[in-house]
Amino acid sequence: MNFFKAATTSVPLLEISAPLWRQLIEHLRQQGAGLRESGAFLLGRKTDSSRMMTQFLPYEWLQADALQRDYVSLTAASFAKLWDVCRAEDLVVVADVHTHRFGAGQSRSDMANPMVALKGHIALIIPRFAQGTIRLNDVGLYVYQGNHAWVSHNGLDVSRVLHIDGKE
C-alpha cells in the first residue's frame with residue numbers, strides 16, 4: 001500500500017461521518033474532563049487509498065486505568081482486547097486519536113511510541129483536551145512512516161486528508 005501517495009492527492013486519507021465525529025469529540029471531552037488526556041482507537045474499513053471510520057473504541061474501555069497518568073498508557077492485554085474486537089466485528093484500526101492539553105503537535109513520546117507501529121498508521125491529536133469548539137484545522141494528523149518518522153498535517157492542510165462527511 002502506498003499511503004504517501006494517498007496523503008498527497010486530493011482523495012481524503014481518512015473519512016468520518018459528522019455525527020460520529022461529534023460523538024467522538026464529545027466522548028474525549030467528557031472523559032478527559034479538561035484535566036487529562038483521553039483517547040480512542042478509530043475502527044472501520046480500509047482500502048489502498050483511504051479509510052472510513054465506522055466506530056471508535058475508547059482506551060478506557062480496553063483498560064480501566066489507561067488514563068490515570070498524565071499520559072495514555074496501554075498494556076499488551078489491552079491490545080489483545082483491541083484485536084479481538086476487530087476480529088469479532090470484521091473491522092480494522094484505521095487510526096488512533098488522543099488529546100493534548102494545549103496544541104495538536106506530537107510529543108517526543110508520541111513520535112517514539114506509535115499506538116500501531118505499522119507504516120501508514122494515522123494518529124490524530126485534538127488540542128485543549130477537546131474542550132471548546134474543535135475545528136478541523138485545530139487537529140493534528142500524523143501518518144507513520146516507520147523508524148519513528150512521521151508525515152505531519154496541520155492547520156488548513158488537515159482538511160485535504162481528513163474529511164468529515166456531512167459537516168455543516
# chains A, B, ... in the order shown; residues from 1 in each chain; ligands from 1

$ closest_atom_pairs --of "segment 51-149 of chain A" --to "segment 37-42 of chain A" --cutoff "7 Å" --atoms "only C-alpha atoms" --output "Markdown table"
| residue | atom | partner | partner_atom | distance |
| --- | --- | --- | --- | --- |
| A:Met53 | CA | A:Leu42 | CA | 6.0 |
| A:Gln55 | CA | A:Leu42 | CA | 6.2 |
| A:Phe56 | CA | A:Leu42 | CA | 4.5 |
| A:Leu57 | CA | A:Phe41 | CA | 5.1 |
| A:Pro58 | CA | A:Ala40 | CA | 3.9 |
| A:Tyr59 | CA | A:Ala40 | CA | 5.0 |
| A:Leu67 | CA | A:Ser38 | CA | 6.4 |
| A:Asp70 | CA | A:Glu37 | CA | 6.9 |
| A:Tyr71 | CA | A:Glu37 | CA | 6.0 |
| A:Val72 | CA | A:Glu37 | CA | 6.7 |
| A:Val93 | CA | A:Leu42 | CA | 5.8 |
| A:Val94 | CA | A:Leu42 | CA | 5.7 |
| A:Ala95 | CA | A:Leu42 | CA | 5.1 |
| A:Asp96 | CA | A:Phe41 | CA | 4.3 |
| A:Val97 | CA | A:Gly39 | CA | 5.3 |
| A:His98 | CA | A:Gly39 | CA | 3.9 |
| A:Thr99 | CA | A:Glu37 | CA | 5.1 |
| A:His100 | CA | A:Glu37 | CA | 5.9 |
| A:Phe129 | CA | A:Glu37 | CA | 6.1 |

$ closest_atom_pairs --of "segment 20-112 of chain A" --to "segment 146-165 of chain A" --cutoff "12 Å" --atoms "only C-alpha atoms" --output "JSON lines"
{"residue": "A:Leu20", "atom": "CA", "partner": "A:Ile164", "partner_atom": "CA", "distance": 9.1}
{"residue": "A:Trp21", "atom": "CA", "partner": "A:Ile164", "partner_atom": "CA", "distance": 7.2}
{"residue": "A:Arg22", "atom": "CA", "partner": "A:Ile164", "partner_atom": "CA", "distance": 9.8}
{"residue": "A:Ser49", "atom": "CA", "partner": "A:Val161", "partner_atom": "CA", "distance": 10.7}
{"residue": "A:Ser50", "atom": "CA", "partner": "A:Val161", "partner_atom": "CA", "distance": 9.1}
{"residue": "A:Arg51", "atom": "CA", "partner": "A:Leu162", "partner_atom": "CA", "distance": 9.6}
{"residue": "A:Met52", "atom": "CA", "partner": "A:His163", "partner_atom": "CA", "distance": 9.5}
{"residue": "A:Met53", "atom": "CA", "partner": "A:Ile164", "partner_atom": "CA", "distance": 10.1}
{"residue": "A:Thr54", "atom": "CA", "partner": "A:Asp165", "partner_atom": "CA", "distance": 11.8}
{"residue": "A:Val94", "atom": "CA", "partner": "A:Leu162", "partner_atom": "CA", "distance": 12.0}
{"residue": "A:Ala95", "atom": "CA", "partner": "A:Leu162", "partner_atom": "CA", "distance": 11.2}
{"residue": "A:Gly103", "atom": "CA", "partner": "A:Asn154", "partner_atom": "CA", "distance": 10.6}
{"residue": "A:Ala104", "atom": "CA", "partner": "A:Asn154", "partner_atom": "CA", "distance": 8.1}
{"residue": "A:Gly105", "atom": "CA", "partner": "A:Asn154", "partner_atom": "CA", "distance": 8.4}
{"residue": "A:Gln106", "atom": "CA", "partner": "A:Ser152", "partner_atom": "CA", "distance": 9.1}
{"residue": "A:Arg108", "atom": "CA", "partner": "A:His148", "partner_atom": "CA", "distance": 10.0}
{"residue": "A:Ser109", "atom": "CA", "partner": "A:His148", "partner_atom": "CA", "distance": 10.2}
{"residue": "A:Asp110", "atom": "CA", "partner": "A:His148", "partner_atom": "CA", "distance": 9.3}
{"residue": "A:Met111", "atom": "CA", "partner": "A:His148", "partner_atom": "CA", "distance": 5.9}
{"residue": "A:Ala112", "atom": "CA", "partner": "A:His148", "partner_atom": "CA", "distance": 5.5}

$ atom_distance --atom1 "atom CA of Ala123 of chain A" --atom2 "atom CA of Tyr144 of chain A"
7.8 Å

$ closest_residue --among "A:Arg87, A:Ala130, A:Asn137, A:Val143" --to "Glu26 of chain A" --atoms "only C-alpha atoms"
A:Ala130

$ select_by_dssp --residues "chain A" --states "strand (DSSP E)" --output "PyMOL selection string"
chain A and resi 14-17+39-46+51-58+92-99+122-126+140-146+149-153+162-165

$ closest_residue --among "A:Gly120, A:Leu43, A:Pro127, A:Glu60" --to "Cys86 of chain A" --atoms "only C-alpha atoms"
A:Leu43

$ select_by_dssp --residues "segment 27-146 of chain A" --states "alpha helix (DSSP H)" --output "JSON, numbers by chain"
{"A": [27, 28, 29, 30, 31, 32, 59, 60, 61, 62, 76, 77, 78, 79, 80, 81, 82, 83, 84, 85, 86, 87, 88, 89, 108, 109, 110, 111, 112]}

$ write_last_selection --atoms "N, CA and C atoms" --output "PDB file, in the first residue's frame"
ATOM      1  N   HIS A  27     -17.071  12.470  23.527  1.00  0.00           N
ATOM      2  CA  HIS A  27     -16.556  11.450  24.442  1.00  0.00           C
ATOM      3  C   HIS A  27     -15.182  11.860  24.975  1.00  0.00           C
ATOM      4  N   LEU A  28     -14.301  12.303  24.088  1.00  0.00           N
ATOM      5  CA  LEU A  28     -12.965  12.731  24.521  1.00  0.00           C
ATOM      6  C   LEU A  28     -13.066  13.884  25.510  1.00  0.00           C
ATOM      7  N   ARG A  29     -13.959  14.838  25.235  1.00  0.00           N
ATOM      8  CA  ARG A  29     -14.168  15.998  26.105  1.00  0.00           C
ATOM      9  C   ARG A  29     -14.612  15.546  27.496  1.00  0.00           C
ATOM     10  N   GLN A  30     -15.603  14.685  27.551  1.00  0.00           N
ATOM     11  CA  GLN A  30     -16.132  14.229  28.846  1.00  0.00           C
ATOM     12  C   GLN A  30     -15.136  13.351  29.585  1.00  0.00           C
ATOM     13  N   GLN A  31     -14.487  12.450  28.871  1.00  0.00           N
ATOM     14  CA  GLN A  31     -13.567  11.516  29.533  1.00  0.00           C
ATOM     15  C   GLN A  31     -12.366  12.241  30.133  1.00  0.00           C
ATOM     16  N   GLY A  32     -11.834  13.225  29.423  1.00  0.00           N
ATOM     17  CA  GLY A  32     -10.690  13.968  29.947  1.00  0.00           C
ATOM     18  C   GLY A  32     -11.070  15.049  30.931  1.00  0.00           C
ATOM     19  N   TYR A  59      -9.932   4.156  24.899  1.00  0.00           N
ATOM     20  CA  TYR A  59      -8.858   3.463  25.614  1.00  0.00           C
ATOM     21  C   TYR A  59      -9.329   2.915  26.954  1.00  0.00           C
ATOM     22  N   GLU A  60     -10.158   3.672  27.666  1.00  0.00           N
ATOM     23  CA  GLU A  60     -10.581   3.216  28.999  1.00  0.00           C
ATOM     24  C   GLU A  60     -11.520   2.015  28.929  1.00  0.00           C
ATOM     25  N   TRP A  61     -12.100   1.722  27.779  1.00  0.00           N
ATOM     26  CA  TRP A  61     -12.917   0.516  27.621  1.00  0.00           C
ATOM     27  C   TRP A  61     -12.026  -0.711  27.479  1.00  0.00           C
ATOM     28  N   LEU A  62     -10.820  -0.494  27.008  1.00  0.00           N
ATOM     29  CA  LEU A  62      -9.860  -1.590  26.884  1.00  0.00           C
ATOM     30  C   LEU A  62      -9.090  -1.821  28.180  1.00  0.00           C
ATOM     31  N   ALA A  76      -0.135  -4.675  26.974  1.00  0.00           N
ATOM     32  CA  ALA A  76      -0.282  -5.660  25.898  1.00  0.00           C
ATOM     33  C   ALA A  76      -1.665  -6.311  25.944  1.00  0.00           C
ATOM     34  N   ALA A  77      -2.202  -6.524  27.137  1.00  0.00           N
ATOM     35  CA  ALA A  77      -3.534  -7.127  27.264  1.00  0.00           C
ATOM     36  C   ALA A  77      -4.602  -6.245  26.615  1.00  0.00           C
ATOM     37  N   SER A  78      -4.430  -4.927  26.683  1.00  0.00           N
ATOM     38  CA  SER A  78      -5.376  -4.007  26.039  1.00  0.00           C
ATOM     39  C   SER A  78      -5.359  -4.173  24.528  1.00  0.00           C
ATOM     40  N   PHE A  79      -4.168  -4.344  23.969  1.00  0.00           N
ATOM     41  CA  PHE A  79      -4.067  -4.542  22.529  1.00  0.00           C
ATOM     42  C   PHE A  79      -4.663  -5.885  22.125  1.00  0.00           C
ATOM     43  N   ALA A  80      -4.516  -6.899  22.958  1.00  0.00           N
ATOM     44  CA  ALA A  80      -5.154  -8.188  22.672  1.00  0.00           C
ATOM     45  C   ALA A  80      -6.672  -8.030  22.611  1.00  0.00           C
ATOM     46  N   LYS A  81      -7.239  -7.244  23.532  1.00  0.00           N
ATOM     47  CA  LYS A  81      -8.688  -6.969  23.506  1.00  0.00           C
ATOM     48  C   LYS A  81      -9.067  -6.215  22.234  1.00  0.00           C
ATOM     49  N   LEU A  82      -8.244  -5.238  21.859  1.00  0.00           N
ATOM     50  CA  LEU A  82      -8.497  -4.467  20.640  1.00  0.00           C
ATOM     51  C   LEU A  82      -8.560  -5.393  19.433  1.00  0.00           C
ATOM     52  N   TRP A  83      -7.573  -6.279  19.289  1.00  0.00           N
ATOM     53  CA  TRP A  83      -7.551  -7.175  18.121  1.00  0.00           C
ATOM     54  C   TRP A  83      -8.729  -8.143  18.165  1.00  0.00           C
ATOM     55  N   ASP A  84      -9.148  -8.559  19.364  1.00  0.00           N
ATOM     56  CA  ASP A  84     -10.330  -9.413  19.491  1.00  0.00           C
ATOM     57  C   ASP A  84     -11.581  -8.700  18.980  1.00  0.00           C
ATOM     58  N   VAL A  85     -11.748  -7.428  19.344  1.00  0.00           N
ATOM     59  CA  VAL A  85     -12.898  -6.640  18.875  1.00  0.00           C
ATOM     60  C   VAL A  85     -12.847  -6.509  17.354  1.00  0.00           C
ATOM     61  N   CYS A  86     -11.681  -6.210  16.817  1.00  0.00           N
ATOM     62  CA  CYS A  86     -11.542  -6.068  15.363  1.00  0.00           C
ATOM     63  C   CYS A  86     -11.919  -7.360  14.642  1.00  0.00           C
ATOM     64  N   ARG A  87     -11.441  -8.488  15.149  1.00  0.00           N
ATOM     65  CA  ARG A  87     -11.783  -9.783  14.533  1.00  0.00           C
ATOM     66  C   ARG A  87     -13.273 -10.058  14.628  1.00  0.00           C
ATOM     67  N   ALA A  88     -13.849  -9.860  15.811  1.00  0.00           N
ATOM     68  CA  ALA A  88     -15.266 -10.171  16.040  1.00  0.00           C
ATOM     69  C   ALA A  88     -16.191  -9.308  15.178  1.00  0.00           C
ATOM     70  N   GLU A  89     -15.793  -8.066  14.929  1.00  0.00           N
ATOM     71  CA  GLU A  89     -16.652  -7.143  14.183  1.00  0.00           C
ATOM     72  C   GLU A  89     -16.187  -6.934  12.743  1.00  0.00           C
ATOM     73  N   ARG A 108       7.440  14.106  22.053  1.00  0.00           N
ATOM     74  CA  ARG A 108       8.525  13.161  21.767  1.00  0.00           C
ATOM     75  C   ARG A 108       8.058  11.736  21.995  1.00  0.00           C
ATOM     76  N   SER A 109       7.252  11.547  23.042  1.00  0.00           N
ATOM     77  CA  SER A 109       6.719  10.217  23.333  1.00  0.00           C
ATOM     78  C   SER A 109       5.788   9.727  22.223  1.00  0.00           C
ATOM     79  N   ASP A 110       4.935  10.618  21.703  1.00  0.00           N
ATOM     80  CA  ASP A 110       4.050  10.247  20.587  1.00  0.00           C
ATOM     81  C   ASP A 110       4.863   9.788  19.381  1.00  0.00           C
ATOM     82  N   MET A 111       5.920  10.538  19.066  1.00  0.00           N
ATOM     83  CA  MET A 111       6.737  10.208  17.904  1.00  0.00           C
ATOM     84  C   MET A 111       7.466   8.884  18.080  1.00  0.00           C
ATOM     85  N   ALA A 112       7.931   8.639  19.294  1.00  0.00           N
ATOM     86  CA  ALA A 112       8.721   7.433  19.551  1.00  0.00           C
ATOM     87  C   ALA A 112       7.873   6.190  19.795  1.00  0.00           C
TER      88      ALA A 112
END

$ atom_distance --atom1 "atom CA of Ile125 of chain A" --atom2 "atom CA of Gln23 of chain A"
15.9 Å

$ closest_residue --among "A:Pro19, A:Gly44, A:Gly140, A:Pro114" --to "Gly166 of chain A" --atoms "only C-alpha atoms"
A:Pro19

$ atom_distance --atom1 "atom CA of Leu74 of chain A" --atom2 "atom CA of Asn113 of chain A"
11.3 Å

$ closest_residue --among "A:Lys119, A:Ala64, A:Arg45, A:Gly34" --to "Leu14 of chain A" --atoms "only C-alpha atoms"
A:Arg45

$ closest_residue --among "A:Ala33, A:Asp65, A:Phe102, A:Leu24" --to "Arg128 of chain A" --atoms "only C-alpha atoms"
A:Phe102
